[in-house]
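*Asks:* Please find data_28.cif (mmCIF, C-alpha atoms) on the next line:
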data_data
loop_
_atom_site.group_PDB
_atom_site.id
_atom_site.type_symbol
_atom_site.label_atom_id
_atom_site.label_comp_id
_atom_site.auth_asym_id
_atom_site.auth_seq_id
_atom_site.Cartn_x
_atom_site.Cartn_y
_atom_site.Cartn_z
ATOM 1 C CA MET A 1 96.110 107.710 123.092
ATOM 2 C CA TYR A 2 94.894 105.587 120.208
ATOM 3 C CA GLN A 3 93.795 106.058 116.643
ATOM 4 C CA ARG A 4 90.411 104.722 115.588
ATOM 5 C CA TRP A 5 90.298 102.784 112.319
ATOM 6 C CA ASN A 6 87.635 101.001 110.357
ATOM 7 C CA LEU A 7 88.576 97.754 108.630
ATOM 8 C CA LEU A 8 86.941 97.537 105.217
ATOM 9 C CA GLU A 9 87.109 94.551 102.894
ATOM 10 C CA VAL A 10 87.362 95.601 99.270
ATOM 11 C CA ASN A 11 86.913 93.267 96.352
ATOM 12 C CA VAL A 12 89.060 94.678 93.564
ATOM 13 C CA THR A 13 91.104 92.592 91.178
ATOM 14 C CA ARG A 14 94.514 93.263 89.734
ATOM 15 C CA SER A 15 93.010 93.059 86.250
ATOM 16 C CA ARG A 16 90.656 95.908 87.180
ATOM 17 C CA ILE A 17 93.577 98.156 88.112
ATOM 18 C CA LYS A 18 95.434 97.203 84.933
ATOM 19 C CA HIS A 19 92.331 98.062 82.906
ATOM 20 C CA LEU A 20 92.116 101.506 84.521
ATOM 21 C CA ILE A 21 95.764 102.428 83.932
ATOM 22 C CA TYR A 22 95.749 101.220 80.295
ATOM 23 C CA PRO A 23 97.505 101.981 77.935
ATOM 24 C CA LEU A 24 100.234 102.390 80.571
ATOM 25 C CA ASP A 25 101.365 98.982 81.761
ATOM 26 C CA THR A 26 104.584 99.299 83.740
ATOM 27 C CA VAL A 27 105.180 98.066 87.286
ATOM 28 C CA LEU A 28 105.368 101.698 88.424
ATOM 29 C CA ASP A 29 102.010 102.573 86.852
ATOM 30 C CA GLU A 30 100.361 99.546 88.420
ATOM 31 C CA SER A 31 101.593 100.357 91.918
ATOM 32 C CA LEU A 32 100.624 104.024 91.553
ATOM 33 C CA GLY A 33 97.208 103.020 90.244
ATOM 34 C CA CYS A 34 96.630 100.820 93.301
ATOM 35 C CA ALA A 35 97.685 103.577 95.690
ATOM 36 C CA PHE A 36 95.367 106.169 94.132
ATOM 37 C CA TRP A 37 92.481 103.702 93.905
ATOM 38 C CA PHE A 38 92.590 102.920 97.627
ATOM 39 C CA ALA A 39 93.223 106.546 98.598
ATOM 40 C CA SER A 40 90.003 107.581 96.834
ATOM 41 C CA HIS A 41 87.915 104.697 98.193
ATOM 42 C CA CYS A 42 87.068 105.893 101.718
ATOM 43 C CA PHE A 43 83.560 104.511 102.083
ATOM 44 C CA GLN A 44 82.287 107.000 104.685
ATOM 45 C CA SER A 45 83.403 110.120 102.850
ATOM 46 C CA THR A 46 80.690 112.078 101.047
ATOM 47 C CA ALA A 47 83.277 114.105 99.108
ATOM 48 C CA ARG A 48 82.947 113.979 95.349
ATOM 49 C CA VAL A 49 86.340 115.572 94.701
ATOM 50 C CA ALA A 50 89.802 114.170 95.491
ATOM 51 C CA LEU A 51 92.677 116.654 95.798
ATOM 52 C CA ILE A 52 95.996 115.280 94.549
ATOM 53 C CA GLY A 53 99.481 116.766 94.343
ATOM 54 C CA SER A 54 100.201 116.034 90.688
ATOM 55 C CA GLY A 55 102.570 118.544 89.115
ATOM 56 C CA ALA A 56 104.442 119.544 92.275
ATOM 57 C CA ASP A 57 107.521 117.439 91.488
ATOM 58 C CA GLU A 58 107.613 118.535 87.849
ATOM 59 C CA LEU A 59 107.307 122.221 88.749
ATOM 60 C CA PHE A 60 109.535 122.387 91.831
ATOM 61 C CA GLY A 61 112.196 119.756 91.112
ATOM 62 C CA GLY A 62 111.066 116.930 93.367
ATOM 63 C CA TYR A 63 112.391 113.898 91.505
ATOM 64 C CA THR A 64 115.816 112.394 92.159
ATOM 65 C CA ARG A 65 116.686 112.531 88.463
ATOM 66 C CA TYR A 66 116.768 116.339 88.638
ATOM 67 C CA ARG A 67 119.409 116.152 91.344
ATOM 68 C CA ASN A 68 121.317 113.583 89.277
ATOM 69 C CA SER A 69 121.273 115.908 86.253
ATOM 70 C CA PHE A 70 122.653 118.667 88.438
ATOM 71 C CA LYS A 71 125.461 116.411 89.714
ATOM 72 C CA ARG A 72 126.382 115.026 86.281
ATOM 73 C CA CYS A 73 126.799 118.466 84.754
ATOM 74 C CA LEU A 74 130.467 119.485 84.551
ATOM 75 C CA GLY A 75 129.904 123.102 83.546
ATOM 76 C CA ASN A 76 129.420 126.315 85.482
ATOM 77 C CA ASP A 77 126.421 127.354 87.580
ATOM 78 C CA LEU A 78 124.439 128.385 84.513
ATOM 79 C CA ASP A 79 125.082 125.011 82.883
ATOM 80 C CA HIS A 80 123.854 123.256 86.032
ATOM 81 C CA GLN A 81 120.639 125.269 86.009
ATOM 82 C CA LEU A 82 120.108 124.578 82.308
ATOM 83 C CA ALA A 83 120.590 120.831 82.812
ATOM 84 C CA VAL A 84 117.904 120.776 85.497
ATOM 85 C CA GLN A 85 115.600 123.010 83.440
ATOM 86 C CA ASN A 86 115.802 120.623 80.484
ATOM 87 C CA GLU A 87 114.758 117.699 82.689
ATOM 88 C CA LEU A 88 111.894 119.707 84.183
ATOM 89 C CA GLU A 89 110.665 120.642 80.722
ATOM 90 C CA VAL A 90 110.701 117.054 79.452
ATOM 91 C CA ASP A 91 108.595 115.886 82.387
ATOM 92 C CA TRP A 92 106.200 118.814 82.156
ATOM 93 C CA GLN A 93 105.486 118.221 78.472
ATOM 94 C CA ARG A 94 104.514 114.597 79.097
ATOM 95 C CA ILE A 95 102.675 114.962 82.415
ATOM 96 C CA SER A 96 99.190 114.753 80.901
ATOM 97 C CA ALA A 97 99.833 111.457 79.129
ATOM 98 C CA ARG A 98 102.218 110.056 81.718
ATOM 99 C CA ASN A 99 100.399 110.912 84.956
ATOM 100 C CA LEU A 100 97.194 112.930 84.828
ATOM 101 C CA ALA A 101 95.089 110.730 82.543
ATOM 102 C CA ARG A 102 96.002 107.585 84.496
ATOM 103 C CA ASP A 103 95.246 109.120 87.897
ATOM 104 C CA ASP A 104 91.982 110.641 86.677
ATOM 105 C CA ARG A 105 90.690 107.275 85.412
ATOM 106 C CA VAL A 106 91.648 105.457 88.609
ATOM 107 C CA ILE A 107 90.054 108.019 90.939
ATOM 108 C CA ALA A 108 86.941 108.324 88.753
ATOM 109 C CA ASP A 109 86.373 104.586 89.212
ATOM 110 C CA ASN A 110 85.382 105.401 92.803
ATOM 111 C CA GLY A 111 82.931 108.101 91.742
ATOM 112 C CA LYS A 112 85.224 111.025 92.518
ATOM 113 C CA THR A 113 86.729 113.765 90.389
ATOM 114 C CA ALA A 114 90.475 114.367 90.639
ATOM 115 C CA ARG A 115 91.556 117.966 91.189
ATOM 116 C CA SER A 116 95.200 119.049 91.031
ATOM 117 C CA PRO A 117 95.785 122.535 92.506
ATOM 118 C CA PHE A 118 99.405 122.577 91.334
ATOM 119 C CA ILE A 119 98.406 122.507 87.665
ATOM 120 C CA GLU A 120 95.944 125.412 87.875
ATOM 121 C CA GLU A 121 96.656 127.546 84.806
ATOM 122 C CA ASN A 122 97.638 130.822 86.490
ATOM 123 C CA PHE A 123 99.697 129.040 89.143
ATOM 124 C CA VAL A 124 101.594 127.075 86.496
ATOM 125 C CA LYS A 125 102.265 130.231 84.499
ATOM 126 C CA LEU A 126 103.749 131.925 87.568
ATOM 127 C CA ILE A 127 105.958 129.024 88.680
ATOM 128 C CA ARG A 128 107.244 128.279 85.180
ATOM 129 C CA SER A 129 108.272 131.919 84.821
ATOM 130 C CA LEU A 130 110.738 131.512 87.711
ATOM 131 C CA GLU A 131 114.369 130.499 87.336
ATOM 132 C CA VAL A 132 115.374 127.007 88.435
ATOM 133 C CA TYR A 133 117.370 128.283 91.424
ATOM 134 C CA GLN A 134 114.230 130.049 92.686
ATOM 135 C CA LYS A 135 112.343 126.741 92.893
ATOM 136 C CA CYS A 136 114.967 124.186 93.904
ATOM 137 C CA CYS A 137 118.632 124.118 94.892
ATOM 138 C CA PHE A 138 120.514 120.837 94.712
ATOM 139 C CA ALA A 139 123.533 122.257 96.492
ATOM 140 C CA PHE A 140 121.417 121.552 99.580
ATOM 141 C CA PRO A 141 120.825 117.947 100.749
ATOM 142 C CA GLU A 142 117.736 115.830 100.055
ATOM 143 C CA GLY A 143 114.767 116.962 102.070
ATOM 144 C CA VAL A 144 115.846 120.583 101.729
ATOM 145 C CA GLY A 145 116.979 121.513 98.219
ATOM 146 C CA ASP A 146 114.344 119.591 96.284
ATOM 147 C CA LYS A 147 111.072 121.556 96.075
ATOM 148 C CA LEU A 148 112.813 124.260 98.096
ATOM 149 C CA LEU A 149 110.263 126.978 97.329
ATOM 150 C CA LEU A 150 107.410 124.784 98.569
ATOM 151 C CA ARG A 151 109.359 123.909 101.712
ATOM 152 C CA LEU A 152 110.025 127.572 102.462
ATOM 153 C CA TYR A 153 106.348 128.389 102.058
ATOM 154 C CA GLY A 154 105.374 125.464 104.282
ATOM 155 C CA TYR A 155 107.787 126.683 106.944
ATOM 156 C CA GLN A 156 106.306 130.173 106.731
ATOM 157 C CA ILE A 157 102.754 128.942 107.366
ATOM 158 C CA GLY A 158 103.793 126.803 110.332
ATOM 159 C CA LEU A 159 104.525 123.336 108.898
ATOM 160 C CA ARG A 160 107.902 123.313 110.639
ATOM 161 C CA ASP A 161 108.315 119.522 110.923
ATOM 162 C CA VAL A 162 106.873 118.487 107.568
ATOM 163 C CA VAL A 163 109.132 120.691 105.461
ATOM 164 C CA TYR A 164 112.247 118.678 106.358
ATOM 165 C CA LEU A 165 110.833 115.322 105.292
ATOM 166 C CA ARG A 166 112.367 113.641 102.274
ATOM 167 C CA LYS A 167 110.174 112.994 99.284
ATOM 168 C CA ARG A 168 108.603 109.555 99.401
ATOM 169 C CA ALA A 169 106.778 108.155 96.393
ATOM 170 C CA ILE A 170 103.123 107.348 97.073
ATOM 171 C CA GLN A 171 103.516 103.661 96.218
ATOM 172 C CA PHE A 172 106.178 103.300 98.925
ATOM 173 C CA GLY A 173 104.621 105.650 101.458
ATOM 174 C CA SER A 174 101.369 103.684 101.197
ATOM 175 C CA ARG A 175 103.310 100.372 101.193
ATOM 176 C CA ILE A 176 101.523 99.254 98.038
ATOM 177 C CA ALA A 177 104.924 98.469 96.576
ATOM 178 C CA SER A 178 107.946 97.073 98.380
ATOM 179 C CA LYS A 179 111.519 98.123 97.759
ATOM 180 C CA MET A 180 112.597 94.680 98.914
ATOM 181 C CA LEU A 181 110.661 92.682 96.323
ATOM 182 C CA PRO A 182 109.767 93.300 92.675
ATOM 183 C CA ILE A 183 106.155 94.398 92.461
ATOM 184 C CA ASN A 184 105.338 91.555 90.064
ATOM 185 C CA LEU A 185 106.034 89.110 92.905
ATOM 186 C CA ILE A 186 103.465 90.767 95.144
ATOM 187 C CA ILE A 187 100.160 88.926 94.940
ATOM 188 C CA TYR A 188 97.113 91.133 94.749
ATOM 189 C CA SER A 189 94.343 89.286 96.550
ATOM 190 C CA LEU A 190 90.825 89.284 95.181
ATOM 191 C CA SER A 191 89.785 90.568 98.583
ATOM 192 C CA LEU A 192 92.210 93.367 99.408
ATOM 193 C CA LEU A 193 91.933 94.888 102.852
ATOM 194 C CA MET A 194 92.047 98.637 103.168
ATOM 195 C CA LEU A 195 92.530 100.502 106.424
ATOM 196 C CA CYS A 196 90.408 103.598 106.028
ATOM 197 C CA LEU A 197 90.700 106.374 108.578
ATOM 198 C CA CYS A 198 87.226 107.441 109.617
ATOM 199 C CA HIS A 199 85.996 110.361 111.663
ATOM 200 C CA ASP A 200 82.848 108.665 112.954
ATOM 201 C CA ILE A 201 83.025 105.020 114.002
ATOM 202 C CA SER A 202 79.914 103.186 115.078
ATOM 203 C CA SER A 203 79.835 101.412 118.422
ATOM 204 C CA THR A 204 79.914 98.030 116.712
ATOM 205 C CA ASN A 205 83.304 98.665 115.126
ATOM 206 C CA LYS A 206 86.449 97.549 116.874
ATOM 207 C CA LYS A 207 88.979 100.016 118.189
ATOM 208 C CA PHE A 208 92.595 99.418 117.393
ATOM 209 C CA ASN A 209 95.554 100.847 119.246
ATOM 210 C CA ARG A 210 97.987 102.269 116.772
#
Just give me the structure as structure tokens.

*Replies:*
Amino acid sequence: MYQRWNLLEVNVTRSRIKHLIYPLDTVLDESLGCAFWFASHCFQSTARVALIGSGADELFGGYTRYRNSFKRCLGNDLDHQLAVQNELEVDWQRISARNLARDDRVIADNGKTARSPFIEENFVKLIRSLEVYQKCCFAFPEGVGDKLLLRLYGYQIGLRDVVYLRKRAIQFGSRIASKMLPINLIIYSLSLLMLCLCHDISSTNKKFNR
């Protein structure tokens, strides 16, 4: 059993990515920009829309800092919930400037429109009306308590293995960034190579065993 891949050479410079993420200019923004740029650059796809998961962490408590706020709180259960709620609110109020605008510009550079189902108006209104403990529970370990409501729904529709996976940031899951080295030490080649999963591979393309 093997997976078929198509090796595509892409000529994109680091300065191009930095231009797209501007005015954001942190190491994190650069690595996220690279990940989204390559994810939306599948050359054989005719799709004009790219679905992304922006908003899920901010709505359902996916970031580690929410768990840290819960742990640092020395009060009662209500105080713990309030501490997490305050962190969620801060991130939600800045999501458009901090995440959405950057991701939209990067994906649009490949001729696609970013769509984020988690920030649909009616969906957001419903989820934000819930109490913190109905969306996440940091008394449970990582991979369970964070984004708990989403995990329960995934389990219900049959995603039994996926729902126990720990959150992994896109820049690390895609290996754009390395936890072992600072991102500013990683050299972005003028000719970056992207492995793009394709459904139809011509007979002239090589087959790689995964």

*Asks:* My list of candidates is A:Leu78, A:Leu88, A:Ala83, A:Val106. Which is closest to A:Arg16 when distances are computed with only C-alpha atoms?

*Replies:*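 Going through A:Leu78, A:Leu88, A:Ala83, A:Val106 one by one, the smallest distance to A:Arg16 is for A:Val106.
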
*Asks:* For atom CA of A:Cys73 and atom CA of A:Gly55, quote the distance in Å rounded to one decimal.

*Replies:*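 Answer for the atom CA of A:Cys73 to atom CA of A:Gly55 separation: 24.6 Å.
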
*Asks:* Measuring atom to atom with all atoms listed in the file, identify which of A:Leu74, A:Ala50, A:Leu100, A:Ala56 is nearest to A:Arg151.

*Replies:*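 Of A:Leu74, A:Ala50, A:Leu100, A:Ala56, the one nearest A:Arg151, counting all atoms listed in the file, is A:Ala56.
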
*Asks:* For a quick check of your reading of the model, name the residues lying within 12 Å of the coordinate (110.6, 127.3, 91.1), counting only C-alpha atoms, and write them as a PyMOL selection string.

*Replies:* chain A and resi 56-62+81+84-85+88+123-137+145-153

*Asks:* Could those residues be written to a file, using C-alpha atoms, as a PDB file, in the frame of the given file?

*Replies:*
ATOM      1  CA  ALA A  56     104.442 119.544  92.275  1.00  0.00           C
ATOM      2  CA  ASP A  57     107.521 117.439  91.488  1.00  0.00           C
ATOM      3  CA  GLU A  58     107.613 118.535  87.849  1.00  0.00           C
ATOM      4  CA  LEU A  59     107.307 122.221  88.749  1.00  0.00           C
ATOM      5  CA  PHE A  60     109.535 122.387  91.831  1.00  0.00           C
ATOM      6  CA  GLY A  61     112.196 119.756  91.112  1.00  0.00           C
ATOM      7  CA  GLY A  62     111.066 116.930  93.367  1.00  0.00           C
ATOM      8  CA  GLN A  81     120.639 125.269  86.009  1.00  0.00           C
ATOM      9  CA  VAL A  84     117.904 120.776  85.497  1.00  0.00           C
ATOM     10  CA  GLN A  85     115.600 123.010  83.440  1.00  0.00           C
ATOM     11  CA  LEU A  88     111.894 119.707  84.183  1.00  0.00           C
ATOM     12  CA  PHE A 123      99.697 129.040  89.143  1.00  0.00           C
ATOM     13  CA  VAL A 124     101.594 127.075  86.496  1.00  0.00           C
ATOM     14  CA  LYS A 125     102.265 130.231  84.499  1.00  0.00           C
ATOM     15  CA  LEU A 126     103.749 131.925  87.568  1.00  0.00           C
ATOM     16  CA  ILE A 127     105.958 129.024  88.680  1.00  0.00           C
ATOM     17  CA  ARG A 128     107.244 128.279  85.180  1.00  0.00           C
ATOM     18  CA  SER A 129     108.272 131.919  84.821  1.00  0.00           C
ATOM     19  CA  LEU A 130     110.738 131.512  87.711  1.00  0.00           C
ATOM     20  CA  GLU A 131     114.369 130.499  87.336  1.00  0.00           C
ATOM     21  CA  VAL A 132     115.374 127.007  88.435  1.00  0.00           C
ATOM     22  CA  TYR A 133     117.370 128.283  91.424  1.00  0.00           C
ATOM     23  CA  GLN A 134     114.230 130.049  92.686  1.00  0.00           C
ATOM     24  CA  LYS A 135     112.343 126.741  92.893  1.00  0.00           C
ATOM     25  CA  CYS A 136     114.967 124.186  93.904  1.00  0.00           C
ATOM     26  CA  CYS A 137     118.632 124.118  94.892  1.00  0.00           C
ATOM     27  CA  GLY A 145     116.979 121.513  98.219  1.00  0.00           C
ATOM     28  CA  ASP A 146     114.344 119.591  96.284  1.00  0.00           C
ATOM     29  CA  LYS A 147     111.072 121.556  96.075  1.00  0.00           C
ATOM     30  CA  LEU A 148     112.813 124.260  98.096  1.00  0.00           C
ATOM     31  CA  LEU A 149     110.263 126.978  97.329  1.00  0.00           C
ATOM     32  CA  LEU A 150     107.410 124.784  98.569  1.00  0.00           C
ATOM     33  CA  ARG A 151     109.359 123.909 101.712  1.00  0.00           C
ATOM     34  CA  LEU A 152     110.025 127.572 102.462  1.00  0.00           C
ATOM     35  CA  TYR A 153     106.348 128.389 102.058  1.00  0.00           C
TER      36      TYR A 153
END

*Asks:* From the set A:Val144, A:Leu51, A:Ile170, A:Ile157, which residue has the shortest atom-to-atom contact distance to A:Phe118, counting only C-alpha atoms?

*Replies:*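 Among A:Val144, A:Leu51, A:Ile170, A:Ile157, it is A:Leu51 that comes nearest to A:Phe118.
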
*Asks:* Do a neighbour search on A:Ala101 at 12 Å with only C-alpha atoms, toss out local chain neighbours closer than 3 positions, and write the hits as a list in words.

*Replies:*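 What passes the distance filter is Leu20, Ile21, Tyr22, Pro23, Leu24, Asp29, Gly33, Ser54, Arg94, Ile95, Ser96, Ala97, Arg98, Asp104, Arg105, Val106, Ile107, Ala108, Thr113, Ala114, Arg115 and Ser116 of chain A.
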
*Asks:* Could you please take those selected residues and save C-alpha atoms as a compact mmCIF listing (two decimals), in the frame of the given file?

*Replies:*
# COMPACT_ATOMS: atom_id res chain seq x y z
CA LEU A 20 92.12 101.51 84.52
CA ILE A 21 95.76 102.43 83.93
CA TYR A 22 95.75 101.22 80.30
CA PRO A 23 97.50 101.98 77.94
CA LEU A 24 100.23 102.39 80.57
CA ASP A 29 102.01 102.57 86.85
CA GLY A 33 97.21 103.02 90.24
CA SER A 54 100.20 116.03 90.69
CA ARG A 94 104.51 114.60 79.10
CA ILE A 95 102.68 114.96 82.42
CA SER A 96 99.19 114.75 80.90
CA ALA A 97 99.83 111.46 79.13
CA ARG A 98 102.22 110.06 81.72
CA ASP A 104 91.98 110.64 86.68
CA ARG A 105 90.69 107.28 85.41
CA VAL A 106 91.65 105.46 88.61
CA ILE A 107 90.05 108.02 90.94
CA ALA A 108 86.94 108.32 88.75
CA THR A 113 86.73 113.76 90.39
CA ALA A 114 90.48 114.37 90.64
CA ARG A 115 91.56 117.97 91.19
CA SER A 116 95.20 119.05 91.03

*Asks:* Between atom CA of A:Glu142 and atom CA of A:Thr26, what is the distance, to one decimal in Å?

*Replies:*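 Distance reported for this atom pair: 26.7 Å.
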
*Asks:* Could you check how far atom CA of A:Ser69 sits from atom CA of A:Glu87, in Å to one decimal?

*Replies:* 7.6 Å

*Asks:* Could you tell me which of A:Phe70, A:Trp37, A:Arg102, A:Thr13 comes closest to A:Phe140 if we count all atoms listed in the file?

*Replies:*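 Nearest to A:Phe140: A:Phe70.
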
*Asks:* Closest to A:Val90 among A:His19, A:Ala139, A:Asn110, A:Arg65, using all atoms listed in the file?

*Replies:*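 Ranked by minimum distance to A:Val90, first place goes to A:Arg65.
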
*Asks:* Counting only C-alpha atoms, figure out which residue out of A:Phe138, A:His41, A:Trp92, A:Arg48 gets nearest to A:Asp77.

*Replies:*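 Among A:Phe138, A:His41, A:Trp92, A:Arg48, it is A:Phe138 that comes nearest to A:Asp77.
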